[in-house]
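**Q** The structure is given below, and queries will be raised subsequently.
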Amino acid sequence: MRQLRYREALREAMFEEMARDERVFLMGEEVGHYQGAYKVSEGLLEKFGERRVVDTPIAEAGFAGVGIGAAMAGLRPIIEFMTWNFSFVAFDQIISNAAKVHQMSAGAIQVPIVFRGPNGAAKQVAAQHSHSCAPFYTNIPGLYVIQPSTPRDAKGLLKSAIRSNNPVIFLEGETLYGVKGEVPDEGVEELIPIGESRLVRPGSDCTIVTWGRPYYTVLAAAEKLSAEGIDCEVVDPRTLRPLDTRLMVESVKKTNRCVVVHEHWPYGGPGAEIVDQVQREAFDYLDAPLERVTGLDVPMPYALNLEDKVLPTEERVIDAVKRVAYAS
Amino acid sequence: MMVMRRFEEEAARNYAKGKIGGFLHLYIGQEAIAVAVAEVLEERDYIFQTYRDHGIALARGMSATAGMAELFGKDTGCSRGFGGSMHFFDVERGFLGGWAIVGGHLALAAGTAFKSKYTGEDSVTVCFFGDGSINIGGFHEAMSLAGLWKLPVVFVCENNQYAMGTPLERTSPLKDLSIKAKGYGMVGDRFDGHDVEVVQARINEAVERARTGGGPTFIEVLTYRFRGHSMSDPAKYRTSTELEQRKQQDPIAVVREKLTGLGVQESVLDDIDLEVDEEIDEAVRFADESPPAREDLMMSTVMAPEGES
Ligand SMILES: Cc1ncc(C[n+]2csc(CCOP(=O)(O)OP(=O)(O)O)c2C)c(N)n1
Ligand SMILES: [Mg+2]
């Protein structure tokens, strides 16, 4: 298989789907002439022209709403938020309109739209620019929420998201855009179904559930733990709504322990939801309470020494695994 | 103006060295506007700015050391290392922040103006934002309320021709943005921003109007940023000819020429430059040697203390 960067995988997904389906278009700030604030859409304007790669002014509520309206009328918009932090000014459009109209109209109106862009902390961009947004959107019935960790999942899931007949929240990672990974060769089409988790690393001693940026932190921690004789099994949910707990539960029945590692704040959100579901479904198999390693419960400070404390670290993952394994 | 210029040139250097992180948006080229506004305002007045906030903070009297230490993420910084470049604060001097969500702070400025009216004091709020901020809902709602309630606020749109990589003609069907004022029932004004005296006189009119109960003003100041949008922007969307042409109107060069024309000796101006160089060198040294931002504050500043209200 080829090695591609995460951003290239996303670009290919959009490229292929736009080539396949005339109704698909990309809209957002700096997506065209500037080639994307993070260069995800590089080259798309040259290929598809201004009708289908649409630069907007800074007006998130406006262009999110335009996208939803266009989707209601049969187009298939991809709306890029320069970062998910800026989706908050468009929150009402997503929550009150995109997520509601299908049921409000008794199924008469569909909203096949993808909202995508980088999510979570980057590096030292401080409190207003570092939101990990999954908890806000996973709370809403009427939305799918996807947060891919690898280039392959990014491509396969974005293609499925674009073909979905429902509004999809697609959370990318700014710090992941440069990450390389295997992606199926050109001409081999892979559609990864929405709502399927993935077994990332087999192991027998402790289950770790993780996604997004901490995925890589966890894999590094798992290597170190295995050198110490603790063999971790890692599961990536990939889609956060709907949540597929099958693999997690199966895994915990085998390892009897579970640590959930995520960047978002600890209060609620998919992290807490996973703990709730797994403890219920695997209660009789648990040898320890489930643990979570999360972003700390504070607005993100600018200073690097503090940001490093807020985000999940290998050390915190290792400590948590040792606690549930009673190995510390 | 020289303090701002040298402060930011040094900041850019230290960004390249990795001493400063995150986003760093430079105000270089726009300095005359901040200086003029600071000159016009009284101590009791309020100021809001976007993330491009070093210039106005320094003009308002923040020390270069407090600013540089903030960029370095240090406890001695103006936001104690919590804000960084985009979130300078200097509450004592009425500088209520650099804000990083486009359009988000305009209503806050209407809010401090509301307070002035509420208490009957004659303080005024000046709110800066860019040409890219005129399309977002936050602009419309803040302007609507300020106009309706005749709040003592001056909205200063620093039109530097670009919103990130997008020139104004691709974000607005209007050439003259100041005509928007009419729709909100307020006075509009529009002028060049490279001559500090012109800016000062026109800002003064608007501030006086606000202070004396004449309501808000929407001002479009025509200016230009000499650097990219932020440190990560190579600014490929404009030509070097355009940039060079704009640099002919460097506000600092304009002032210098005026002063020498008035008979001020070059050597006097050079001495000022040297003094500023020392001040900024000292700021960098101070920032470098300062203690890091504090972890205990990270926890204790999430919520304000309860007790006496
Ligand atoms: C709501 C929102 N959308 C997008 C952004 C990203 N962004 C930051 S600055 C900027 C351009 C703003 O341009 P302008 O208002 O002209 O101000 P300038 O940077 O030129 O001073 C953009 C798109 C943001 N901060 N907030
Ligand atoms: Mg601008």
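In the structure tokens, each chain is lettered A, B, ... as it comes, each chain's residues begin at 1, and ligands are numbered from 1 in order of appearance.
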Check the DSSP output for the backbone and give back, as a PDB file with N, CA and C atoms, in the first residue's frame, the residues of range 174-307 of chain A in strand (DSSP E or B).
**A**
```pdb
ATOM      1  N   LYS A 180       1.913  10.371   8.395  1.00  0.00           N
ATOM      2  CA  LYS A 180       1.868   9.463   7.252  1.00  0.00           C
ATOM      3  C   LYS A 180       1.328   8.105   7.653  1.00  0.00           C
ATOM      4  N   GLY A 181       0.659   7.464   6.726  1.00  0.00           N
ATOM      5  CA  GLY A 181       0.183   6.112   6.994  1.00  0.00           C
ATOM      6  C   GLY A 181      -0.256   5.436   5.708  1.00  0.00           C
ATOM      7  N   GLU A 182      -0.530   4.147   5.807  1.00  0.00           N
ATOM      8  CA  GLU A 182      -0.931   3.369   4.633  1.00  0.00           C
ATOM      9  C   GLU A 182      -2.337   3.734   4.184  1.00  0.00           C
ATOM     10  N   VAL A 183      -2.478   3.880   2.880  1.00  0.00           N
ATOM     11  CA  VAL A 183      -3.779   4.142   2.273  1.00  0.00           C
ATOM     12  C   VAL A 183      -3.864   3.263   1.026  1.00  0.00           C
ATOM     13  N   ARG A 198     -12.389  -0.031  15.282  1.00  0.00           N
ATOM     14  CA  ARG A 198     -11.302  -0.804  14.663  1.00  0.00           C
ATOM     15  C   ARG A 198     -10.344  -1.294  15.742  1.00  0.00           C
ATOM     16  N   LEU A 199      -9.942  -2.547  15.624  1.00  0.00           N
ATOM     17  CA  LEU A 199      -8.918  -3.079  16.520  1.00  0.00           C
ATOM     18  C   LEU A 199      -7.565  -2.625  15.991  1.00  0.00           C
ATOM     19  N   VAL A 200      -6.841  -1.856  16.775  1.00  0.00           N
ATOM     20  CA  VAL A 200      -5.607  -1.245  16.293  1.00  0.00           C
ATOM     21  C   VAL A 200      -4.405  -2.118  16.638  1.00  0.00           C
ATOM     22  N   ARG A 201      -4.452  -2.684  17.838  1.00  0.00           N
ATOM     23  CA  ARG A 201      -3.285  -3.423  18.335  1.00  0.00           C
ATOM     24  C   ARG A 201      -3.832  -4.508  19.253  1.00  0.00           C
ATOM     25  N   CYS A 206      -4.644  -5.317  29.037  1.00  0.00           N
ATOM     26  CA  CYS A 206      -5.469  -4.132  29.316  1.00  0.00           C
ATOM     27  C   CYS A 206      -5.978  -3.563  27.992  1.00  0.00           C
ATOM     28  N   THR A 207      -7.228  -3.147  27.977  1.00  0.00           N
ATOM     29  CA  THR A 207      -7.799  -2.521  26.779  1.00  0.00           C
ATOM     30  C   THR A 207      -7.641  -1.011  26.888  1.00  0.00           C
ATOM     31  N   ILE A 208      -7.160  -0.402  25.829  1.00  0.00           N
ATOM     32  CA  ILE A 208      -7.146   1.065  25.785  1.00  0.00           C
ATOM     33  C   ILE A 208      -8.016   1.505  24.616  1.00  0.00           C
ATOM     34  N   VAL A 209      -8.982   2.365  24.902  1.00  0.00           N
ATOM     35  CA  VAL A 209      -9.823   2.929  23.851  1.00  0.00           C
ATOM     36  C   VAL A 209      -9.356   4.362  23.620  1.00  0.00           C
ATOM     37  N   THR A 210      -9.069   4.697  22.376  1.00  0.00           N
ATOM     38  CA  THR A 210      -8.573   6.047  22.098  1.00  0.00           C
ATOM     39  C   THR A 210      -8.826   6.431  20.661  1.00  0.00           C
ATOM     40  N   CYS A 232      -0.961  -4.316  25.937  1.00  0.00           N
ATOM     41  CA  CYS A 232      -2.221  -3.581  25.790  1.00  0.00           C
ATOM     42  C   CYS A 232      -2.904  -3.854  24.456  1.00  0.00           C
ATOM     43  N   GLU A 233      -4.209  -3.943  24.499  1.00  0.00           N
ATOM     44  CA  GLU A 233      -5.013  -4.023  23.283  1.00  0.00           C
ATOM     45  C   GLU A 233      -5.628  -2.642  23.051  1.00  0.00           C
ATOM     46  N   VAL A 234      -5.495  -2.143  21.823  1.00  0.00           N
ATOM     47  CA  VAL A 234      -5.970  -0.783  21.554  1.00  0.00           C
ATOM     48  C   VAL A 234      -7.136  -0.812  20.563  1.00  0.00           C
ATOM     49  N   VAL A 235      -8.211  -0.131  20.917  1.00  0.00           N
ATOM     50  CA  VAL A 235      -9.386  -0.038  20.045  1.00  0.00           C
ATOM     51  C   VAL A 235      -9.667   1.435  19.745  1.00  0.00           C
ATOM     52  N   ASP A 236      -9.915   1.730  18.462  1.00  0.00           N
ATOM     53  CA  ASP A 236     -10.241   3.095  18.029  1.00  0.00           C
ATOM     54  C   ASP A 236     -11.703   3.111  17.570  1.00  0.00           C
ATOM     55  N   THR A 239     -15.807   6.359  14.748  1.00  0.00           N
ATOM     56  CA  THR A 239     -17.046   7.144  14.755  1.00  0.00           C
ATOM     57  C   THR A 239     -17.459   7.283  16.209  1.00  0.00           C
ATOM     58  N   LEU A 240     -17.807   8.495  16.619  1.00  0.00           N
ATOM     59  CA  LEU A 240     -18.179   8.719  18.024  1.00  0.00           C
ATOM     60  C   LEU A 240     -19.691   8.757  18.205  1.00  0.00           C
ATOM     61  N   ARG A 241     -20.402   8.991  17.110  1.00  0.00           N
ATOM     62  CA  ARG A 241     -21.861   8.873  17.139  1.00  0.00           C
ATOM     63  C   ARG A 241     -22.319   8.417  15.781  1.00  0.00           C
ATOM     64  N   CYS A 258      -9.765  -1.647  31.516  1.00  0.00           N
ATOM     65  CA  CYS A 258      -9.959  -0.697  30.410  1.00  0.00           C
ATOM     66  C   CYS A 258      -9.581   0.722  30.812  1.00  0.00           C
ATOM     67  N   VAL A 259      -8.837   1.357  29.920  1.00  0.00           N
ATOM     68  CA  VAL A 259      -8.506   2.774  30.086  1.00  0.00           C
ATOM     69  C   VAL A 259      -8.979   3.502  28.826  1.00  0.00           C
ATOM     70  N   VAL A 260      -9.685   4.606  29.005  1.00  0.00           N
ATOM     71  CA  VAL A 260     -10.141   5.401  27.867  1.00  0.00           C
ATOM     72  C   VAL A 260      -9.304   6.680  27.830  1.00  0.00           C
ATOM     73  N   VAL A 261      -8.716   6.961  26.671  1.00  0.00           N
ATOM     74  CA  VAL A 261      -7.809   8.115  26.563  1.00  0.00           C
ATOM     75  C   VAL A 261      -8.310   9.067  25.480  1.00  0.00           C
ATOM     76  N   GLU A 291     -10.688   3.519  33.903  1.00  0.00           N
ATOM     77  CA  GLU A 291      -9.992   4.788  34.135  1.00  0.00           C
ATOM     78  C   GLU A 291     -10.083   5.625  32.879  1.00  0.00           C
ATOM     79  N   ARG A 292      -9.985   6.933  33.077  1.00  0.00           N
ATOM     80  CA  ARG A 292      -9.879   7.806  31.910  1.00  0.00           C
ATOM     81  C   ARG A 292      -8.670   8.717  32.025  1.00  0.00           C
ATOM     82  N   VAL A 293      -7.992   8.911  30.890  1.00  0.00           N
ATOM     83  CA  VAL A 293      -6.943   9.925  30.790  1.00  0.00           C
ATOM     84  C   VAL A 293      -7.490  10.963  29.817  1.00  0.00           C
TER      85      VAL A 293
END
```
**Q** Given a cut-off of 9 Å, which residues of chain A touch chain B, counting only C-alpha atoms, written out as a VMD selection string?
**A** chain A and resid 29 to 30 33 to 34 37 55 to 62 85 to 86 89 122 to 129 297 to 306 309
**Q** Counting only C-alpha atoms, figure out which residue out of A:Phe25, A:Phe170, A:Tyr285, A:Phe63 gets nearest to Val145 in chain A.
**A** A:Phe170
**Q** Any idea what the distance is between CA of Met143 in chain B and CA of Ile68 in chain A?
**A** 26.8 Å
**Q** Write out as a PDB file with N, CA, C and O atoms, in the first residue's frame the residues lying within 9 Å of range 43-46 of chain B, counting only C-alpha atoms and excluding same-chain residues fewer than 3 positions away.
**A**
```pdb
ATOM      1  N   VAL B  91      -5.829  45.444  32.198  1.00  0.00           N
ATOM      2  CA  VAL B  91      -7.098  45.945  32.716  1.00  0.00           C
ATOM      3  C   VAL B  91      -6.930  47.324  33.345  1.00  0.00           C
ATOM      4  O   VAL B  91      -7.771  48.206  33.182  1.00  0.00           O
ATOM      5  N   GLU B  92      -5.812  47.526  34.033  1.00  0.00           N
ATOM      6  CA  GLU B  92      -5.587  48.827  34.672  1.00  0.00           C
ATOM      7  C   GLU B  92      -5.579  49.972  33.675  1.00  0.00           C
ATOM      8  O   GLU B  92      -5.956  51.095  33.997  1.00  0.00           O
ATOM      9  N   ARG B  93      -5.146  49.676  32.487  1.00  0.00           N
ATOM     10  CA  ARG B  93      -5.113  50.727  31.461  1.00  0.00           C
ATOM     11  C   ARG B  93      -6.326  50.654  30.552  1.00  0.00           C
ATOM     12  O   ARG B  93      -6.337  51.221  29.464  1.00  0.00           O
ATOM     13  N   GLY B  94      -7.341  49.937  30.965  1.00  0.00           N
ATOM     14  CA  GLY B  94      -8.578  49.878  30.183  1.00  0.00           C
ATOM     15  C   GLY B  94      -8.444  49.065  28.911  1.00  0.00           C
ATOM     16  O   GLY B  94      -9.316  49.112  28.042  1.00  0.00           O
ATOM     17  N   PHE B  95      -7.351  48.298  28.802  1.00  0.00           N
ATOM     18  CA  PHE B  95      -7.215  47.462  27.606  1.00  0.00           C
ATOM     19  C   PHE B  95      -7.823  46.091  27.912  1.00  0.00           C
ATOM     20  O   PHE B  95      -7.219  45.264  28.589  1.00  0.00           O
ATOM     21  N   LEU B  96      -9.029  45.884  27.413  1.00  0.00           N
ATOM     22  CA  LEU B  96      -9.776  44.689  27.775  1.00  0.00           C
ATOM     23  C   LEU B  96      -9.608  43.552  26.777  1.00  0.00           C
ATOM     24  O   LEU B  96     -10.494  42.740  26.573  1.00  0.00           O
ATOM     25  N   ALA B 109     -17.581  45.275  23.354  1.00  0.00           N
ATOM     26  CA  ALA B 109     -17.299  46.715  23.349  1.00  0.00           C
ATOM     27  C   ALA B 109     -18.598  47.502  23.520  1.00  0.00           C
ATOM     28  O   ALA B 109     -18.634  48.515  24.226  1.00  0.00           O
ATOM     29  N   THR B 112     -19.235  47.406  27.317  1.00  0.00           N
ATOM     30  CA  THR B 112     -18.575  48.376  28.204  1.00  0.00           C
ATOM     31  C   THR B 112     -19.163  49.765  27.964  1.00  0.00           C
ATOM     32  O   THR B 112     -19.291  50.565  28.895  1.00  0.00           O
ATOM     33  N   ALA B 113     -19.556  50.027  26.721  1.00  0.00           N
ATOM     34  CA  ALA B 113     -20.214  51.310  26.431  1.00  0.00           C
ATOM     35  C   ALA B 113     -21.574  51.367  27.125  1.00  0.00           C
ATOM     36  O   ALA B 113     -21.989  52.416  27.628  1.00  0.00           O
ATOM     37  N   ASP B 122     -18.699  59.400  31.697  1.00  0.00           N
ATOM     38  CA  ASP B 122     -18.487  59.799  30.301  1.00  0.00           C
ATOM     39  C   ASP B 122     -17.311  59.060  29.655  1.00  0.00           C
ATOM     40  O   ASP B 122     -16.608  59.597  28.826  1.00  0.00           O
ATOM     41  N   SER B 123     -17.125  57.796  30.049  1.00  0.00           N
ATOM     42  CA  SER B 123     -16.068  57.017  29.399  1.00  0.00           C
ATOM     43  C   SER B 123     -16.550  56.525  28.037  1.00  0.00           C
ATOM     44  O   SER B 123     -17.743  56.388  27.785  1.00  0.00           O
ATOM     45  N   VAL B 124     -15.571  56.259  27.188  1.00  0.00           N
ATOM     46  CA  VAL B 124     -15.845  55.857  25.805  1.00  0.00           C
ATOM     47  C   VAL B 124     -15.125  54.534  25.540  1.00  0.00           C
ATOM     48  O   VAL B 124     -14.075  54.271  26.124  1.00  0.00           O
ATOM     49  N   THR B 125     -15.686  53.724  24.674  1.00  0.00           N
ATOM     50  CA  THR B 125     -15.023  52.483  24.269  1.00  0.00           C
ATOM     51  C   THR B 125     -14.615  52.575  22.805  1.00  0.00           C
ATOM     52  O   THR B 125     -15.412  53.021  21.974  1.00  0.00           O
ATOM     53  N   VAL B 126     -13.377  52.162  22.525  1.00  0.00           N
ATOM     54  CA  VAL B 126     -12.946  52.036  21.129  1.00  0.00           C
ATOM     55  C   VAL B 126     -12.738  50.566  20.833  1.00  0.00           C
ATOM     56  O   VAL B 126     -12.077  49.852  21.590  1.00  0.00           O
ATOM     57  N   CYS B 127     -13.320  50.104  19.746  1.00  0.00           N
ATOM     58  CA  CYS B 127     -13.222  48.699  19.378  1.00  0.00           C
ATOM     59  C   CYS B 127     -12.614  48.562  17.985  1.00  0.00           C
ATOM     60  O   CYS B 127     -13.154  49.067  17.007  1.00  0.00           O
TER      61      CYS B 127
END
```
**Q** When distances are computed from only C-alpha atoms, which of A:Trp84, A:Phe283, A:Arg76, A:Arg2 shows the smallest separation from Glu22 in chain A?
**A** A:Arg76
**Q** Looking at B:Cys157, B:Val254, B:Val264, B:Val207, which one is nearest to ligand 2, with distances taken over only C-alpha atoms and all ligand atoms?
**A**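 Using only C-alpha atoms and all ligand atoms, ligand 2 sits closest to B:Cys157.
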**Q** From a DSSP calculation on the backbone, collect every residue of range 47-296 of chain B in alpha helix (DSSP H) and output the set as an MDAnalysis selection string.
**A** chainID B and resid 54:59 64:71 106:119 137:148 180:183 196:211 240:247 251:261 266:289 295:296
**Q** Excluding Tyr6 in chain A and any residue of its chain fewer than 4 positions from it, enumerate the residues within 6 Å of it, using only C-alpha atoms, and give them as a PyMOL selection string.
**A** chain A and resi 151+177+179
**Q** Go ahead and write the selection's residues with C-alpha atoms as a CSV table (one decimal), in the first residue's frame.
**A**
```
chain,number,residue,atom,x,y,z
A,151,PRO,CA,-4.8,8.7,6.9
A,177,TYR,CA,-2.3,16.6,9.0
A,179,VAL,CA,1.1,12.2,9.8
```
**Q** Excluding range 227-229 of chain A and its own-chain neighbours fewer than 2 positions away, which residues fall within 12 Å of it when counting only C-alpha atoms? Please give them as a ChimeraX atom specification.
**A** /A:203-206,220-225,231-232,318,321-322,325,327-328
**Q** What does the structure give for the distance between CA of Glu46 in chain A and CA of Met18 in chain A, in Å to one decimal?
**A**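 CA of Glu46 in chain A sits 12.9 Å away from CA of Met18 in chain A.
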**Q** Using only C-alpha atoms, which residues sit within 7 Å of Gln49 in chain B once same-chain residues fewer than 2 positions away are excluded, as a list in words?
**A** Ile47, Tyr51, Asp53, Gly97, Gly98, Trp99, Cys127, Phe128 and Phe129 of chain B
**Q** Identify, on the basis of only C-alpha atoms, every residue whose closest approach to Val255 in chain B does not exceed 12 Å; exclude the query and any residue fewer than 2 positions from it along the same chain; express the result as a PyMOL selection string.
**A** chain B and resi 1-2+31-32+35+194-198+249-253+257-262+264+269
**Q** Mind pulling up the distance from CA of Gly228 in chain B to CA of His54 in chain B?
**A** 15.5 Å
**Q** Taking into account only C-alpha atoms, which residue in the set A:Arg23, A:Lys254, A:Arg246, A:Lys47 is nearest to Gly67 in chain A?
**A**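 With only C-alpha atoms as the atom set, the closest residue is A:Arg23.
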**Q** Using only C-alpha atoms and all ligand atoms, which of A:Glu80, A:Glu273, A:Asp21, A:Glu50 sits nearest ligand 1?
**A**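 So, comparing all the options, the nearest one is A:Glu80.
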**Q** With distances taken over only C-alpha atoms and all ligand atoms, which residue among B:Leu26, B:Ala34, B:Val3, B:Ala107 lies nearest ligand 2?
**A**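 So, comparing all the options, the nearest one is B:Leu26.
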